[in-house]
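**Q** Provided herewith: model.cif, mmCIF, C-alpha atoms.
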data_coords
#
loop_
_atom_site.label_atom_id
_atom_site.label_comp_id
_atom_site.auth_asym_id
_atom_site.auth_seq_id
_atom_site.Cartn_x
_atom_site.Cartn_y
_atom_site.Cartn_z
CA MET A 1 191.15 256.22 -8.46
CA VAL A 2 188.11 255.94 -10.72
CA ASN A 3 187.50 258.36 -13.59
CA ILE A 4 185.64 261.42 -12.30
CA PHE A 5 183.33 263.46 -14.52
CA VAL A 6 182.45 266.87 -13.09
CA ALA A 7 179.38 268.78 -14.30
CA ARG A 8 178.33 272.29 -13.43
CA HIS A 9 174.64 272.95 -12.79
CA GLY A 10 172.45 274.54 -15.45
CA GLN A 11 171.61 278.23 -15.41
CA ASP A 12 169.76 279.28 -12.27
CA THR A 13 167.74 282.40 -11.57
CA ASP A 14 170.72 284.27 -10.10
CA ASN A 15 172.87 283.43 -13.14
CA ALA A 16 170.13 284.78 -15.41
CA ASN A 17 169.86 288.02 -13.42
CA GLY A 18 173.58 288.67 -13.00
CA ILE A 19 173.50 288.02 -9.25
CA LEU A 20 176.29 286.39 -7.22
CA ASN A 21 174.76 283.24 -5.77
CA GLY A 22 177.18 281.27 -3.59
CA HIS A 23 175.01 279.40 -1.09
CA ARG A 24 171.79 281.09 -2.25
CA ASN A 25 169.38 278.35 -3.25
CA GLY A 26 167.46 279.50 -6.30
CA PRO A 27 166.06 277.05 -8.85
CA LEU A 28 167.08 276.36 -12.42
CA THR A 29 165.56 278.50 -15.14
CA ASP A 30 163.83 276.94 -18.13
CA LEU A 31 167.08 277.50 -20.02
CA GLY A 32 169.02 275.82 -17.22
CA ARG A 33 166.84 272.72 -17.39
CA GLN A 34 167.27 272.63 -21.17
CA GLN A 35 171.05 273.05 -20.86
CA ALA A 36 171.23 270.06 -18.52
CA ALA A 37 169.00 267.94 -20.75
CA ASN A 38 170.99 268.85 -23.87
CA VAL A 39 174.36 267.94 -22.34
CA ALA A 40 172.96 264.75 -20.82
CA GLN A 41 171.68 263.78 -24.27
CA LYS A 42 175.13 264.48 -25.75
CA MET A 43 176.61 262.15 -23.15
CA LEU A 44 174.00 259.51 -23.94
CA ASP A 45 174.77 259.80 -27.65
CA ALA A 46 178.49 259.46 -26.85
CA GLY A 47 177.88 256.15 -25.09
CA PHE A 48 177.42 257.17 -21.45
CA ARG A 49 174.93 255.30 -19.28
CA PHE A 50 173.98 255.54 -15.61
CA SER A 51 173.66 252.24 -13.79
CA THR A 52 174.32 251.44 -10.15
CA SER A 53 174.63 247.75 -10.99
CA GLY A 54 178.09 248.11 -12.48
CA GLY A 55 180.85 250.57 -13.19
CA VAL A 56 182.98 249.13 -15.98
CA VAL A 57 183.20 250.04 -19.64
CA ALA A 58 181.39 247.42 -21.72
CA GLU A 59 180.28 247.28 -25.35
CA GLY A 60 181.63 250.73 -26.04
CA LYS A 61 179.66 252.30 -23.19
CA THR A 62 180.96 254.40 -20.32
CA ILE A 63 178.97 253.30 -17.28
CA LEU A 64 178.54 255.87 -14.51
CA SER A 65 178.24 253.79 -11.37
CA ALA A 66 177.19 256.73 -9.16
CA ILE A 67 176.02 260.34 -9.49
CA TYR A 68 176.80 262.66 -6.58
CA SER A 69 175.44 266.19 -6.18
CA SER A 70 175.88 269.34 -4.19
CA PRO A 71 172.94 269.83 -1.80
CA LEU A 72 171.94 273.12 -3.47
CA ILE A 73 168.78 272.78 -5.52
CA ARG A 74 170.27 274.05 -8.80
CA ALA A 75 172.85 271.26 -8.71
CA LEU A 76 170.49 268.56 -7.43
CA HIS A 77 167.92 269.26 -10.16
CA THR A 78 170.70 269.18 -12.76
CA ALA A 79 171.96 265.87 -11.39
CA ARG A 80 168.46 264.36 -11.54
CA ILE A 81 168.09 265.44 -15.17
CA PHE A 82 171.42 263.80 -16.00
CA ALA A 83 170.39 260.64 -14.14
CA ASP A 84 167.00 260.39 -15.84
CA VAL A 85 168.45 260.85 -19.33
CA LEU A 86 171.44 258.56 -18.81
CA LYS A 87 169.31 255.72 -17.45
CA ASN A 88 168.13 255.48 -21.07
CA GLY A 89 164.77 254.01 -20.17
CA ALA A 90 166.07 251.47 -17.65
CA SER A 91 163.71 250.65 -14.80
CA GLY A 92 164.31 251.65 -11.20
CA GLU A 93 164.95 254.94 -9.47
CA SER A 94 167.55 257.42 -10.70
CA GLU A 95 169.17 257.75 -7.30
CA VAL A 96 171.39 260.79 -6.83
CA GLU A 97 173.51 260.91 -3.68
CA LEU A 98 174.32 264.15 -1.90
CA LEU A 99 177.84 265.14 -0.86
CA ASP A 100 177.98 268.30 1.24
CA ASP A 101 181.53 269.13 0.13
CA LEU A 102 180.29 269.63 -3.45
CA ILE A 103 178.51 272.83 -2.37
CA GLU A 104 179.51 276.09 -4.02
CA ARG A 105 182.00 278.49 -2.49
CA ASP A 106 180.61 280.57 0.34
CA PHE A 107 180.49 284.07 -1.16
CA GLY A 108 180.22 285.79 2.22
CA VAL A 109 179.02 289.40 1.99
CA MET A 110 179.04 289.22 -1.82
CA ALA A 111 176.12 286.76 -2.01
CA GLY A 112 173.04 288.39 -3.50
CA LEU A 113 174.91 291.34 -5.01
CA PRO A 114 175.15 292.12 -8.74
CA THR A 115 178.23 290.69 -10.45
CA SER A 116 178.92 294.21 -11.69
CA SER A 117 179.50 295.39 -8.10
CA ILE A 118 182.65 293.29 -7.56
CA PRO A 119 185.27 295.94 -8.54
CA ALA A 120 183.69 298.73 -6.52
CA ILE A 121 183.20 296.65 -3.37
CA CYS A 122 186.40 294.60 -3.40
CA GLY A 123 188.92 296.95 -5.00
CA ASP A 124 191.38 296.09 -7.76
CA ASP A 125 193.94 294.62 -5.35
CA LYS A 126 191.42 292.04 -4.09
CA ILE A 127 190.27 290.80 -7.51
CA LEU A 128 191.72 288.36 -10.01
CA LYS A 129 190.64 289.64 -13.42
CA THR A 130 190.26 287.46 -16.49
CA ASP A 131 188.90 288.18 -19.95
CA THR A 132 185.44 287.02 -18.91
CA ILE A 133 185.08 287.04 -15.11
CA ASN A 134 186.26 289.11 -12.15
CA TYR A 135 187.00 286.79 -9.21
CA PHE A 136 186.82 288.32 -5.73
CA LEU A 137 189.52 286.90 -3.48
CA ASP A 138 188.73 287.39 0.21
CA PRO A 139 185.74 289.58 1.06
CA GLU A 140 184.26 289.28 4.54
CA GLY A 141 182.82 285.87 5.26
CA ALA A 142 183.83 284.31 1.93
CA GLU A 143 185.82 281.12 1.43
CA THR A 144 189.15 281.84 -0.20
CA PHE A 145 190.39 279.87 -3.18
CA PRO A 146 193.13 278.15 -1.12
CA GLN A 147 190.39 277.04 1.28
CA LEU A 148 188.40 275.69 -1.67
CA VAL A 149 191.42 273.73 -2.87
CA ASP A 150 191.74 272.20 0.60
CA ARG A 151 188.06 271.25 0.53
CA ALA A 152 188.50 269.76 -2.93
CA LYS A 153 191.42 267.62 -1.72
CA ARG A 154 189.32 266.42 1.22
CA LEU A 155 186.49 265.53 -1.14
CA LEU A 156 188.80 263.63 -3.50
CA ASP A 157 190.09 261.61 -0.54
CA HIS A 158 186.50 260.85 0.45
CA ILE A 159 185.62 259.79 -3.10
CA GLU A 160 188.61 257.45 -3.14
CA THR A 161 187.21 255.80 -0.02
CA LEU A 162 183.67 255.64 -1.42
CA THR A 163 184.83 253.99 -4.65
CA LYS A 164 187.60 251.76 -3.30
CA ASP A 165 185.69 248.58 -4.18
CA LEU A 166 184.99 249.61 -7.79
CA PRO A 167 187.23 248.56 -10.69
CA THR A 168 189.85 251.20 -11.51
CA ASP A 169 188.30 251.84 -14.92
CA SER A 170 184.95 252.77 -13.34
CA SER A 171 183.44 256.24 -13.69
CA ILE A 172 181.31 258.52 -11.54
CA LEU A 173 179.67 261.91 -12.07
CA LEU A 174 179.86 264.84 -9.65
CA VAL A 175 177.42 267.73 -10.11
CA THR A 176 178.69 270.92 -8.53
CA HIS A 177 179.29 274.64 -9.17
CA GLY A 178 181.56 277.00 -11.05
CA ASP A 179 184.17 278.03 -8.50
CA PHE A 180 184.32 274.70 -6.70
CA GLY A 181 184.43 272.71 -9.93
CA LYS A 182 187.50 274.66 -11.02
CA MET A 183 189.18 274.03 -7.68
CA LEU A 184 188.46 270.31 -8.02
CA LEU A 185 190.43 270.40 -11.24
CA ALA A 186 193.22 272.37 -9.54
CA ALA A 187 193.41 269.88 -6.66
CA TYR A 188 193.26 266.77 -8.85
CA TYR A 189 196.04 267.86 -11.22
CA ASP A 190 198.00 269.91 -8.65
CA ILE A 191 197.70 273.13 -10.68
CA PRO A 192 197.98 276.54 -8.98
CA TRP A 193 194.48 277.84 -8.41
CA GLU A 194 195.33 281.19 -10.02
CA ASP A 195 196.27 279.42 -13.25
CA VAL A 196 193.01 277.50 -13.30
CA LEU A 197 190.97 280.69 -12.87
CA ARG A 198 192.85 282.40 -15.68
CA GLN A 199 192.88 279.51 -18.12
CA PHE A 200 189.81 277.30 -17.57
CA HIS A 201 186.22 277.99 -18.55
CA PHE A 202 183.45 276.02 -16.81
CA GLY A 203 180.04 277.06 -18.12
CA ASN A 204 176.57 275.99 -17.06
CA SER A 205 176.08 272.22 -17.52
CA GLU A 206 179.59 271.86 -18.93
CA VAL A 207 181.37 268.58 -18.10
CA LEU A 208 185.03 268.01 -17.19
CA LEU A 209 186.96 264.74 -16.99
CA LEU A 210 189.42 264.16 -14.14
CA SER A 211 191.49 261.08 -14.94
CA LYS A 212 195.03 259.84 -14.52
CA GLU A 213 194.82 258.85 -18.19
CA SER A 214 193.94 262.36 -19.35
CA SER A 215 195.74 265.71 -19.12
CA PRO A 216 194.07 268.85 -17.74
CA ASP A 217 194.17 270.61 -21.11
CA LYS A 218 191.88 267.82 -22.39
CA ALA A 219 189.50 268.07 -19.43
CA HIS A 220 186.47 269.44 -21.27
CA LEU A 221 184.11 266.74 -22.45
CA PHE A 222 181.89 269.22 -24.31
CA GLU A 223 182.85 272.89 -24.37
CA THR A 224 180.41 275.78 -24.51
CA GLN A 225 180.82 279.53 -24.88
CA GLN A 226 178.97 280.72 -21.82
CA PHE A 227 180.56 282.67 -19.02
CA ASN A 228 178.18 282.99 -16.07
CA VAL A 229 179.91 283.27 -12.70
#
Represent the supplied structure as structure tokens.
**A**
Amino acid sequence: MVNIFVARHGQDTDNANGILNGHRNGPLTDLGRQQAANVAQKMLDAGFRFSTSGGVVAEGKTILSAIYSSPLIRALHTARIFADVLKNGASGESEVELLDDLIERDFGVMAGLPTSSIPAICGDDKILKTDTINYFLDPEGAETFPQLVDRAKRLLDHIETLTKDLPTDSSILLVTHGDFGKMLLAAYYDIPWEDVLRQFHFGNSEVLLLSKESSPDKAHLFETQQFNV
């Protein structure tokens, strides 16, 4: 399989206001747009380029042969910022392709509620607590983490089909969300989802590498100290 880079969207209005978003479709904030532009520029400076005309590493550059995004606007706008920066002035459209399975976890009845309400609504026995985030496990209408892992495996199978004609050292970028991005990592490396939630941070516009040549503890391309849910 090709190398897969996974980016989380920049800060959106719900992140800024401490609201659980899930499938809510609010836009990026000014900070969120700047976060995406800053990380895209870091990738550009590190030798990344976006070009649909080829997907191999050449002249010290990592060529992203495709950028795929969640259909939610916060991810799509982030993906377009990445594409525009990583084109590096090349002509032509910065085409971003949508993949429905990159959408964030369905938060069910928790969507639209303050993050601070999680303990009171869900109860301690239905929460996985970490140093930075309380994860609700199975409130009414929400996808569970095992269900997210199954969706991630399905998506990885689909990506393998989409990229089957690319050289094995090709790279692509997926722009997604916090919970689902972590479950992509869990599915790719076959790590228990509970361990990923306890051990892995995935902040706004942060980028992970999923590769058979890289271990999960080296997944962060650029690490930030930002802990929005």
**Q** Check what the PyMOL selection byres ((chain A and resi 126-131) around 12) selects in the file above and give those residues as a ChimeraX atom specification.
**A** /A:117-125,132-140,144-145,193-201,227,229
**Q** Using the chain letters and residue numbers of this document, give as a PyMOL selection string the residues selected by the PyMOL selection byres ((chain A and resi 176-178) around 8).
**A** chain A and resi 6-9+69-70+75+102-104+174-175+179-182+202-204+229
**Q** So which one's closest to Glu97 in chain A, A:Asn21, A:Ser65, A:Ser53, A:Gln147? Using all atoms listed in the file, please.
**A**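 Result for the nearest residue to Glu97 in chain A: A:Ser65.
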**Q** Write out as a ChimeraX atom specification which residues come within 7 Å of Phe107 in chain A when counting only C-alpha atoms, dropping same-chain ones fewer than 3 positions away.
**A** /A:22,110-111,142-143
**Q** Using all atoms listed in the file and a cutoff of 12 Å, can you tell me which residues are near (163.6, 278.7, -12.2) in the file's coordinates, and write them out as a list in words?
**A** Gly10, Gln11, Asp12, Thr13, Asp14, Asn15, Ala16, Asn17, Asn25, Gly26, Pro27, Leu28, Thr29, Asp30, Leu31, Gly32, Arg33, Gln34, Ile73, Arg74, His77 and Thr78 of chain A
**Q** Measure the distance from CA of Leu166 in chain A to CA of Ser215 in chain A in Å and round it to one decimal.
**A** 22.4 Å
**Q** What is the CA of Ile19 in chain A-CA of Ala79 in chain A distance in Å, reported with one decimal?
**A** 22.3 Å
**Q** With all atoms listed in the file as the basis for distance, which of A:Leu162, A:Leu156, A:Leu86, A:Val207 is at the shortest distance from Leu184 in chain A?
**A**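 Using all atoms listed in the file, the shortest distance to Leu184 in chain A belongs to A:Leu156.
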**Q** Measuring between only C-alpha atoms, which one of A:Leu221, A:Asp150, A:Ser116, A:Asp165 shows the shortest distance to Tyr188 in chain A?
**A**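 Checking each candidate against Tyr188 in chain A, we get A:Asp150 as the closest.
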**Q** I'd like the residues picked by the PyMOL selection byres ((chain A and resi 153) around 10) written out as a ChimeraX atom specification, using the chain letters and numbers from the file.
**A** /A:147-152,154-159,183-188,190
**Q** Quick one: everything within 9 Å of Phe222 in chain A, counting all atoms listed in the file, minus sequence neighbours fewer than 4 positions away in the same chain. Send it as a PyMOL selection string.
**A** chain A and resi 39+42-43+206-208
**Q** Check the smallest atom-to-atom distance from each of A:His220, A:Lys87, A:Lys212, A:His23 to Gly108 in chain A using only C-alpha atoms, then report the winner.
**A**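 Ranked by minimum distance to Gly108 in chain A, first place goes to A:His23.
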**Q** Work out how far apart CA of Thr168 in chain A and CA of Val2 in chain A are and give it in Å to one decimal.
**A**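 Those two atoms sit 5.1 Å apart.
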**Q** Would you be able to write out as a list in words which residues have an atom within 8 Å of (184.3, 261.7, -12.2) in the file's coordinates, counting all atoms listed in the file?
**A**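 Checking each residue against the 8 Å limit leaves Val2, Asn3, Ile4, Phe5, Val6, Ser171, Ile172, Leu173, Leu174, Leu209, Leu210 and Ser211 of chain A.
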**Q** Which residue gives the smallest distance to Val109 in chain A among A:Lys164, A:Lys218, A:Arg24, A:Arg49, with only C-alpha atoms counted?
**A**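 Using only C-alpha atoms, the shortest distance to Val109 in chain A belongs to A:Arg24.
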**Q** When distances are computed from only C-alpha atoms, which of A:Ser205, A:Ser214, A:Leu64, A:Leu113 shows the smallest separation from Glu95 in chain A?
**A**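 Using only C-alpha atoms, Glu95 in chain A sits closest to A:Leu64.
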